[in-house]
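S.K.: For reference, the structure I am asking about is given below.
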Amino acid sequence: MTQKKLLFIVNPRAGRSKSRSPLFDVIALCSEAGYLVSVHKTTAPGDATRTAQREGSNYDLVVAVGGDGTLNEVITGLMNLEQRPLLGYLPQGSTNDFAASLHISDHPVTAAMSMLRSAPRALDIGRWNERSFVYVASFGAFTRTSYAASQAAKNALGHFAYILEGVKDLNTLRPYHIRLTADGEVLDGEYLFGAVCNSTSIGGLMKLSPERVVLDDGKFEMLLIPNPKNPLELQNLLLALVNQQYDSPELIFRHVSSLHLETEEELPWSLDGEYAPSVPVVNIENRCRALSTLL
C-alpha cells in the first residue's frame, strides 16, 4: 500500500517565545499514523504560498504551522491548485483567532492528535479580488492593528498587543464613505469599520456567537459599524459592541455570500491579519466548501 505523504510548512518566526521541541513529537506521531513526513521552514513572507503551490499536489496532507498569517499563505497557495490536498493547522502564532473559533489547541501534540483523529470536513474560503482569506477581511478602525503590531510585541504580549495598537487607532478614528452591494442589498454611507468573516472572532477584537457561524454554508458574516451622527448614537453603538448585540439598530449585521464595494477614498484592508493595499473596487465571494480539512 502506498504510504501517505504529509508536508509541514513551518513559520519559525511565529510565536518565537514558544518551544519548537514539541514539533519533534508531532512528527513522530504522524509517522506512527502512517505518514511519510517532510518539513519546510519558511524563510520570507510569501514563501509558504510558493511552497504550498509548488509542492502541495505531491502530498495527501499539508499542515500550516504558525499563526493566522501562515495559514493564510498556505491556503492561498493551495487554492491555486486544481487538485488540492487536505489542509491541517497547528496554531503557533501569538494570537490565533481562527484556531480559537474551532477550539484547536495551541499545544502542537494535542492539536496533532486531534487532527489525526478527525474526519475530513469542508471549509469555505473567501476570495478578495485575486487574493484568498480564510476567516476575515476587514477595513477601517482597528484593521491596521492586526498587521501594525510588531512581531516582537505579538510574541511578548499576545492578544494585548492588538489592543494596544487599537487604542492608538482611536486618535485617527475616521469614517469612510463606501457604496456596497451585498447579495443584492445596496448600502451607501459612512462607516468606521467593516468586516466579512467566517469565524467567531473578528480581528481578535469582537466575538460572534458560535450559533451564528457555519464554516461551510456558503455564507459570510458581515458587520458594518456606521459613523454615529451624535453623542447618543455613539453611546448606543459602543454599548452594542461591548454587549455583542450585533442585531441592534446601531450596527449592520448580515449573512452574505458575495459583495461588491466601491470607494474613492484610501481604504486599506486586512486579510487574516495581513495587509492588503487600498483599491477603488473590491469584490468578495464565498468559495463554498473549497477546501477539505482535518481540523
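Simple scheme: letters A, B, ... for chains in C-alpha cells order, numbers from 1 for residues in each chain, numbers from 1 for ligands in the order shown.
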Skip A:Leu23 itself and residues of its chain fewer than 5 positions away, then list as a PyMOL selection string all residues within 9 Å of it, counting only C-alpha atoms.
M.R.: chain A and resi 28+108-109
S.K.: Keeping only N, CA, C and O atoms, write the selected residues as an mmCIF file, in the first residue's frame.
M.R.:
```cif
data_model
loop_
_atom_site.group_PDB
_atom_site.id
_atom_site.type_symbol
_atom_site.label_atom_id
_atom_site.label_comp_id
_atom_site.auth_asym_id
_atom_site.auth_seq_id
_atom_site.Cartn_x
_atom_site.Cartn_y
_atom_site.Cartn_z
ATOM 1 N N ALA A 28 6.921 12.504 15.011
ATOM 2 C CA ALA A 28 6.908 11.078 15.376
ATOM 3 C C ALA A 28 5.481 10.532 15.390
ATOM 4 O O ALA A 28 5.221 9.416 14.917
ATOM 5 N N PRO A 108 1.086 21.778 20.249
ATOM 6 C CA PRO A 108 1.218 21.047 18.982
ATOM 7 C C PRO A 108 0.828 19.577 19.051
ATOM 8 O O PRO A 108 0.153 19.077 18.140
ATOM 9 N N VAL A 109 1.231 18.873 20.107
ATOM 10 C CA VAL A 109 0.932 17.445 20.187
ATOM 11 C C VAL A 109 -0.565 17.213 20.329
ATOM 12 O O VAL A 109 -1.150 16.355 19.652
#
```
S.K.: For A:Asn243, list every protein, DNA or RNA residue within 12 Å, evaluated using only C-alpha atoms, and leave out those in the same chain fewer than 4 positions away; present the list as an mmCIF file with all heavy atoms, in the first residue's frame.
M.R.:
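Final output, out12.cif:
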```cif
data_model
loop_
_atom_site.group_PDB
_atom_site.id
_atom_site.type_symbol
_atom_site.label_atom_id
_atom_site.label_comp_id
_atom_site.auth_asym_id
_atom_site.auth_seq_id
_atom_site.Cartn_x
_atom_site.Cartn_y
_atom_site.Cartn_z
ATOM 1 N N MET A 206 -13.623 41.499 18.328
ATOM 2 C CA MET A 206 -15.058 41.315 18.519
ATOM 3 C C MET A 206 -15.412 39.847 18.355
ATOM 4 O O MET A 206 -14.790 39.133 17.574
ATOM 5 C CB MET A 206 -15.839 42.172 17.514
ATOM 6 C CG MET A 206 -15.875 43.634 17.915
ATOM 7 S SD MET A 206 -16.627 44.677 16.643
ATOM 8 C CE MET A 206 -15.188 45.048 15.655
ATOM 9 N N LYS A 207 -16.399 39.406 19.106
ATOM 10 C CA LYS A 207 -16.756 37.991 19.141
ATOM 11 C C LYS A 207 -18.182 37.775 18.639
ATOM 12 O O LYS A 207 -19.074 38.575 18.906
ATOM 13 C CB LYS A 207 -16.636 37.448 20.574
ATOM 14 C CG LYS A 207 -15.277 37.677 21.227
ATOM 15 C CD LYS A 207 -14.167 36.910 20.530
ATOM 16 C CE LYS A 207 -12.836 37.153 21.227
ATOM 17 N NZ LYS A 207 -11.733 36.453 20.543
ATOM 18 N N LEU A 208 -18.366 36.668 17.925
ATOM 19 C CA LEU A 208 -19.685 36.257 17.475
ATOM 20 C C LEU A 208 -20.052 34.948 18.142
ATOM 21 O O LEU A 208 -19.192 34.110 18.416
ATOM 22 C CB LEU A 208 -19.708 36.079 15.954
ATOM 23 C CG LEU A 208 -19.515 37.332 15.101
ATOM 24 C CD1 LEU A 208 -19.394 36.949 13.642
ATOM 25 C CD2 LEU A 208 -20.656 38.306 15.303
ATOM 26 N N SER A 209 -21.336 34.758 18.391
ATOM 27 C CA SER A 209 -21.802 33.509 18.978
ATOM 28 C C SER A 209 -21.556 32.358 18.008
ATOM 29 O O SER A 209 -21.805 32.487 16.804
ATOM 30 C CB SER A 209 -23.303 33.600 19.300
ATOM 31 O OG SER A 209 -23.811 32.325 19.618
ATOM 32 N N ASN A 236 -24.813 54.511 22.125
ATOM 33 C CA ASN A 236 -25.567 53.290 21.840
ATOM 34 C C ASN A 236 -24.740 52.299 21.015
ATOM 35 O O ASN A 236 -24.820 51.078 21.216
ATOM 36 C CB ASN A 236 -26.850 53.633 21.092
ATOM 37 C CG ASN A 236 -27.849 54.369 21.961
ATOM 38 O OD1 ASN A 236 -27.810 54.253 23.188
ATOM 39 N ND2 ASN A 236 -28.738 55.127 21.343
ATOM 40 N N LEU A 237 -23.937 52.844 20.106
ATOM 41 C CA LEU A 237 -23.088 51.983 19.287
ATOM 42 C C LEU A 237 -22.064 51.256 20.150
ATOM 43 O O LEU A 237 -21.855 50.044 20.018
ATOM 44 C CB LEU A 237 -22.396 52.839 18.227
ATOM 45 C CG LEU A 237 -21.536 52.152 17.160
ATOM 46 C CD1 LEU A 237 -21.507 53.025 15.907
ATOM 47 C CD2 LEU A 237 -20.110 51.931 17.638
ATOM 48 N N LEU A 238 -21.409 52.003 21.057
ATOM 49 C CA LEU A 238 -20.408 51.388 21.931
ATOM 50 C C LEU A 238 -21.035 50.343 22.843
ATOM 51 O O LEU A 238 -20.448 49.273 23.077
ATOM 52 C CB LEU A 238 -19.709 52.468 22.760
ATOM 53 C CG LEU A 238 -18.805 53.425 21.978
ATOM 54 C CD1 LEU A 238 -18.293 54.534 22.885
ATOM 55 C CD2 LEU A 238 -17.634 52.670 21.351
ATOM 56 N N LEU A 239 -22.227 50.617 23.342
ATOM 57 C CA LEU A 239 -22.913 49.640 24.194
ATOM 58 C C LEU A 239 -23.238 48.366 23.411
ATOM 59 O O LEU A 239 -23.091 47.252 23.926
ATOM 60 C CB LEU A 239 -24.206 50.254 24.760
ATOM 61 C CG LEU A 239 -24.037 51.259 25.898
ATOM 62 C CD1 LEU A 239 -25.377 51.901 26.239
ATOM 63 C CD2 LEU A 239 -23.454 50.569 27.142
ATOM 64 N N ASP A 247 -27.290 42.633 16.356
ATOM 65 C CA ASP A 247 -28.563 42.865 15.671
ATOM 66 C C ASP A 247 -29.202 44.189 16.069
ATOM 67 O O ASP A 247 -30.330 44.484 15.647
ATOM 68 C CB ASP A 247 -29.538 41.726 15.966
ATOM 69 C CG ASP A 247 -29.102 40.430 15.297
ATOM 70 O OD1 ASP A 247 -28.566 40.501 14.185
ATOM 71 O OD2 ASP A 247 -29.290 39.353 15.899
ATOM 72 N N SER A 248 -28.506 44.994 16.863
ATOM 73 C CA SER A 248 -29.064 46.278 17.300
ATOM 74 C C SER A 248 -29.132 47.237 16.113
ATOM 75 O O SER A 248 -28.383 47.099 15.132
ATOM 76 C CB SER A 248 -28.191 46.882 18.400
ATOM 77 O OG SER A 248 -26.948 47.286 17.876
#
```
S.K.: Can you tell me how far atom CA of A:Val26 sits from atom CA of A:Ala111, in Å to one decimal?
M.R.: 9.0 Å
S.K.: Give me the residues within 8 Å of A:Leu90 as a JSON list (two decimals) with N, CA and C atoms, in the first residue's frame, counting only C-alpha atoms and dropping any in the same chain fewer than 6 places off.
M.R.:
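Output below, filename around01.json:
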```json
[["chain", "number", "residue", "atom", "x", "y", "z"],
["A", 63, "VAL", "N", 0.14, 20.77, 6.24],
["A", 63, "VAL", "CA", -0.18, 21.33, 7.55],
["A", 63, "VAL", "C", 0.56, 22.65, 7.74],
["A", 64, "ALA", "N", -0.18, 23.72, 8.00],
["A", 64, "ALA", "CA", 0.41, 25.02, 8.31],
["A", 64, "ALA", "C", 0.76, 25.06, 9.79],
["A", 65, "VAL", "N", 2.00, 25.43, 10.10],
["A", 65, "VAL", "CA", 2.45, 25.54, 11.49],
["A", 65, "VAL", "C", 2.89, 26.98, 11.70],
["A", 66, "GLY", "N", 2.08, 27.76, 12.40],
["A", 66, "GLY", "CA", 2.37, 29.17, 12.61],
["A", 66, "GLY", "C", 1.11, 29.88, 13.04],
["A", 104, "ILE", "N", -9.13, 24.66, 18.43],
["A", 104, "ILE", "CA", -7.90, 23.92, 18.15],
["A", 104, "ILE", "C", -6.87, 24.28, 19.21],
["A", 105, "SER", "N", -6.30, 23.29, 19.85],
["A", 105, "SER", "CA", -5.32, 23.52, 20.91],
["A", 105, "SER", "C", -4.07, 24.20, 20.36],
["A", 106, "ASP", "N", -3.47, 25.10, 21.17],
["A", 106, "ASP", "CA", -2.21, 25.70, 20.77],
["A", 106, "ASP", "C", -1.02, 24.85, 21.20],
["A", 108, "PRO", "N", 1.09, 21.78, 20.25],
["A", 108, "PRO", "CA", 1.22, 21.05, 18.98],
["A", 108, "PRO", "C", 0.83, 19.58, 19.05],
["A", 111, "ALA", "N", -2.98, 19.26, 19.37],
["A", 111, "ALA", "CA", -3.62, 19.62, 18.10],
["A", 111, "ALA", "C", -3.39, 18.55, 17.05],
["A", 112, "ALA", "N", -2.18, 17.97, 17.02],
["A", 112, "ALA", "CA", -1.88, 16.93, 16.03],
["A", 112, "ALA", "C", -2.68, 15.67, 16.29]]
```
S.K.: Find the residues near stretch 253-255 of chain A: any atom within 6 Å, counting only C-alpha atoms, skip ones fewer than 6 places away on the same chain, and give them as a PyMOL selection string.
M.R.: chain A and resi 219-223
S.K.: Could you list, as an NGL selection string, every residue within 10 Å of A:Asn58, counting only C-alpha atoms and ignoring same-chain residues fewer than 5 positions away?
M.R.: :A and (5-7 or 52 or 83-85)
S.K.: With N, CA and C atoms retained, write the just-selected residues as a JSON list (two decimals), in the first residue's frame.
M.R.:
```json
[["chain", "number", "residue", "atom", "x", "y", "z"],
["A", 5, "LYS", "N", 1.57, 10.88, 2.28],
["A", 5, "LYS", "CA", 2.63, 11.88, 2.39],
["A", 5, "LYS", "C", 2.09, 13.15, 3.05],
["A", 6, "LEU", "N", 2.86, 13.70, 3.97],
["A", 6, "LEU", "CA", 2.47, 14.88, 4.73],
["A", 6, "LEU", "C", 3.57, 15.92, 4.65],
["A", 7, "LEU", "N", 3.19, 17.16, 4.40],
["A", 7, "LEU", "CA", 4.14, 18.28, 4.37],
["A", 7, "LEU", "C", 3.79, 19.28, 5.46],
["A", 52, "ALA", "N", 3.42, 25.89, -0.90],
["A", 52, "ALA", "CA", 2.15, 25.16, -0.98],
["A", 52, "ALA", "C", 1.72, 24.98, -2.43],
["A", 83, "GLN", "N", -5.98, 20.13, -8.07],
["A", 83, "GLN", "CA", -6.16, 19.03, -7.14],
["A", 83, "GLN", "C", -5.53, 19.43, -5.81],
["A", 84, "ARG", "N", -6.37, 19.67, -4.81],
["A", 84, "ARG", "CA", -5.87, 20.19, -3.54],
["A", 84, "ARG", "C", -5.80, 19.09, -2.49],
["A", 85, "PRO", "N", -4.70, 19.05, -1.75],
["A", 85, "PRO", "CA", -4.60, 18.07, -0.66],
["A", 85, "PRO", "C", -5.45, 18.50, 0.52]]
```
S.K.: Which of these, A:Leu291, A:Met115, A:Leu224, A:Thr200, has the shortest distance to A:Gly77 once you count only C-alpha atoms?
M.R.: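 Checking each of A:Leu291, A:Met115, A:Leu224, A:Thr200 against A:Gly77, counting only C-alpha atoms, the winner is A:Leu291.
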S.K.: Please list as a list of chain:residue names every residue within 6 Å of stretch 176-188 of chain A, counting only C-alpha atoms and excluding residues in the same chain fewer than 4 positions away.
M.R.: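 Counting only the stated atoms, we get A:Ser258, A:Leu259, A:His260, A:Leu261, A:Glu262, A:Thr263.
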S.K.: Create the file for the chosen residues now, containing N, CA, C and O atoms and written as a PDB file, in the first residue's frame.
M.R.:
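That gives us selection-v6.pdb:
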```pdb
ATOM      1  N   SER A 258     -21.721  37.091  -1.213  1.00  0.00           N
ATOM      2  CA  SER A 258     -20.815  37.891  -2.027  1.00  0.00           C
ATOM      3  C   SER A 258     -21.120  39.361  -1.822  1.00  0.00           C
ATOM      4  O   SER A 258     -22.224  39.734  -1.400  1.00  0.00           O
ATOM      5  N   LEU A 259     -20.138  40.200  -2.125  1.00  0.00           N
ATOM      6  CA  LEU A 259     -20.379  41.642  -2.052  1.00  0.00           C
ATOM      7  C   LEU A 259     -19.448  42.371  -3.012  1.00  0.00           C
ATOM      8  O   LEU A 259     -18.367  41.878  -3.373  1.00  0.00           O
ATOM      9  N   HIS A 260     -19.893  43.543  -3.391  1.00  0.00           N
ATOM     10  CA  HIS A 260     -19.151  44.426  -4.292  1.00  0.00           C
ATOM     11  C   HIS A 260     -19.050  45.775  -3.597  1.00  0.00           C
ATOM     12  O   HIS A 260     -20.069  46.353  -3.200  1.00  0.00           O
ATOM     13  N   LEU A 261     -17.831  46.296  -3.430  1.00  0.00           N
ATOM     14  CA  LEU A 261     -17.615  47.543  -2.694  1.00  0.00           C
ATOM     15  C   LEU A 261     -16.854  48.526  -3.562  1.00  0.00           C
ATOM     16  O   LEU A 261     -15.868  48.164  -4.205  1.00  0.00           O
ATOM     17  N   GLU A 262     -17.325  49.767  -3.555  1.00  0.00           N
ATOM     18  CA  GLU A 262     -16.654  50.837  -4.283  1.00  0.00           C
ATOM     19  C   GLU A 262     -16.396  52.002  -3.334  1.00  0.00           C
ATOM     20  O   GLU A 262     -17.219  52.310  -2.464  1.00  0.00           O
ATOM     21  N   THR A 263     -15.231  52.647  -3.500  1.00  0.00           N
ATOM     22  CA  THR A 263     -14.918  53.827  -2.696  1.00  0.00           C
ATOM     23  C   THR A 263     -13.919  54.683  -3.453  1.00  0.00           C
ATOM     24  O   THR A 263     -13.134  54.173  -4.260  1.00  0.00           O
TER      25      THR A 263
END
```
S.K.: Write out as a ChimeraX atom specification the residues lying within 8 Å of A:Asn96, counting only C-alpha atoms and excluding same-chain residues fewer than 5 positions away.
M.R.: /A:67-68,91
S.K.: Restricting it to all heavy atoms, dump the selection as a compact mmCIF listing (two decimals), in the first residue's frame.
M.R.:
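See selection_21.txt below for the written result:
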```txt
# COMPACT_ATOMS: atom_id res chain seq x y z
N GLY A 67 1.02 31.17 12.75
CA GLY A 67 -0.16 31.94 13.10
C GLY A 67 -1.15 32.02 11.96
O GLY A 67 -1.04 31.31 10.94
N ASP A 68 -2.14 32.89 12.11
CA ASP A 68 -3.18 33.03 11.09
C ASP A 68 -2.60 33.48 9.76
O ASP A 68 -3.10 33.11 8.69
CB ASP A 68 -4.24 34.03 11.56
CG ASP A 68 -5.06 33.48 12.72
OD1 ASP A 68 -5.16 32.25 12.83
OD2 ASP A 68 -5.60 34.29 13.49
N PRO A 91 -1.74 25.71 15.27
CA PRO A 91 -1.57 27.13 15.58
C PRO A 91 -0.40 27.38 16.52
O PRO A 91 -0.35 26.85 17.63
CB PRO A 91 -2.91 27.51 16.24
CG PRO A 91 -3.44 26.23 16.79
CD PRO A 91 -2.97 25.15 15.86
```
S.K.: List every residue of stretch 171-209 of chain A that has an atom at most 7 Å from any atom of stretch 134-140 of chain A, and for each one report the closest atom pair and its distance in Å to one decimal, counting only C-alpha atoms, with rows sorted by chain and then by increasing residue number, as CSV.
M.R.:
```
residue,atom,partner,partner_atom,distance
A:Leu192,CA,A:Gly140,CA,5.6
A:Phe193,CA,A:Gly140,CA,4.4
A:Gly194,CA,A:Phe139,CA,5.3
A:Ala195,CA,A:Ser138,CA,4.1
A:Val196,CA,A:Ala137,CA,5.3
A:Cys197,CA,A:Val136,CA,4.1
A:Asn198,CA,A:Tyr135,CA,4.6
A:Ser199,CA,A:Tyr135,CA,5.4
A:Ile202,CA,A:Val136,CA,6.6
```
S.K.: Restrict the selected residues to C-alpha atoms and save them as a CSV table (one decimal), in the first residue's frame.
M.R.:
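And here is the file that came out, again04.csv:
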```
chain,number,residue,atom,x,y,z
A,192,LEU,CA,-16.0,53.4,10.8
A,193,PHE,CA,-15.3,49.7,10.4
A,194,GLY,CA,-16.4,46.8,8.2
A,195,ALA,CA,-15.6,43.1,8.3
A,196,VAL,CA,-16.6,40.0,6.3
A,197,CYS,CA,-15.7,36.9,8.3
A,198,ASN,CA,-16.1,33.1,8.6
A,199,SER,CA,-15.1,32.9,12.2
A,202,ILE,CA,-13.4,39.3,14.1
```
S.K.: Give me, as a ChimeraX atom specification, the residues of stretch 84-272 of chain A that a backbone DSSP run labels alpha helix (DSSP H).
M.R.: /A:97-101,108-117,145-148,151-157,159-169,231-242
S.K.: Could those selected residues go to a file with C-alpha atoms, as a short mmCIF file (atom, residue, chain, number, x, y, z; two decimals), in the first residue's frame?
M.R.:
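What landed in part.cif:
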```
data_model
loop_
_atom_site.label_atom_id
_atom_site.label_comp_id
_atom_site.auth_asym_id
_atom_site.auth_seq_id
_atom_site.Cartn_x
_atom_site.Cartn_y
_atom_site.Cartn_z
CA ASP A 97 -8.27 33.78 16.15
CA PHE A 98 -9.29 31.17 13.64
CA ALA A 99 -7.94 28.32 15.75
CA ALA A 100 -9.76 29.68 18.80
CA SER A 101 -13.05 29.69 16.89
CA PRO A 108 1.22 21.05 18.98
CA VAL A 109 0.93 17.44 20.19
CA THR A 110 -2.67 17.88 21.36
CA ALA A 111 -3.62 19.62 18.10
CA ALA A 112 -1.88 16.93 16.03
CA MET A 113 -3.64 14.11 17.88
CA SER A 114 -6.98 15.79 17.23
CA MET A 115 -6.07 16.36 13.59
CA LEU A 116 -5.12 12.71 13.03
CA ARG A 117 -8.36 11.52 14.61
CA THR A 145 -3.78 46.74 14.39
CA SER A 146 -3.66 43.22 13.02
CA TYR A 147 -0.59 43.97 10.93
CA ALA A 148 0.85 47.09 12.64
CA GLN A 151 6.17 40.58 15.77
CA ALA A 152 8.16 41.14 18.97
CA ALA A 153 5.15 42.77 20.64
CA LYS A 154 2.84 39.97 19.48
CA ASN A 155 5.23 37.35 20.82
CA ALA A 156 5.63 39.11 24.17
CA LEU A 157 2.10 40.39 24.75
CA HIS A 159 -3.70 39.49 22.26
CA PHE A 160 -2.86 42.56 24.40
CA ALA A 161 -0.54 43.80 21.62
CA TYR A 162 -3.53 44.11 19.30
CA ILE A 163 -5.48 46.06 21.92
CA LEU A 164 -2.59 48.49 22.40
CA GLU A 165 -2.39 49.13 18.67
CA GLY A 166 -6.17 49.54 18.56
CA VAL A 167 -6.03 52.26 21.21
CA LYS A 168 -3.52 54.14 19.03
CA ASP A 169 -6.03 53.99 16.17
CA PRO A 231 -23.08 61.55 21.03
CA LEU A 232 -26.19 59.48 21.80
CA GLU A 233 -25.70 57.34 18.69
CA LEU A 234 -22.05 56.87 19.64
CA GLN A 235 -23.02 55.80 23.15
CA ASN A 236 -25.57 53.29 21.84
CA LEU A 237 -23.09 51.98 19.29
CA LEU A 238 -20.41 51.39 21.93
CA LEU A 239 -22.91 49.64 24.19
CA ALA A 240 -23.98 47.37 21.33
CA LEU A 241 -20.36 46.43 20.65
CA VAL A 242 -19.46 45.85 24.30
#
```
S.K.: Using Å and a single decimal, report how far atom CA of A:Glu285 sits from atom CA of A:Ala44.
M.R.: 28.4 Å
S.K.: Using only C-alpha atoms, which residue out of A:Ser132, A:Ser201, A:Ser31, A:Ser94 lies closest to A:Thr49?
M.R.: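 Of the candidates, the smallest distance to A:Thr49 is held by A:Ser132.
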S.K.: Compare A:Tyr35, A:Trp269, A:Tyr191, A:Tyr89 by their minimum atom-to-atom distance to A:Ile9, counting only C-alpha atoms, and give me the closest one.
M.R.: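 Of A:Tyr35, A:Trp269, A:Tyr191, A:Tyr89, the one nearest A:Ile9 is A:Tyr89, counting only C-alpha atoms.
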S.K.: Take atom CA of A:Glu264 and atom CA of A:Tyr246 and report the distance between them in Å, one decimal.
M.R.: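 Between these atoms lies a distance of 27.5 Å.
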S.K.: Name the residues of stretch 4-94 of chain A that come out as strand (DSSP E) in a backbone DSSP run; write them as a list of chain:residue names.
M.R.: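 The residues of stretch 4-94 of chain A classed as strand (DSSP E) are A:Lys4, A:Lys5, A:Leu6, A:Leu7, A:Phe8, A:Ile9, A:Val10, A:Tyr35, A:Leu36, A:Val37, A:Ser38, A:Val39, A:His40, A:Lys41, A:Leu61, A:Val62, A:Val63, A:Ala64, A:Val65, A:Gly66, A:Leu86, A:Leu87, A:Gly88, A:Tyr89, A:Leu90, A:Pro91.
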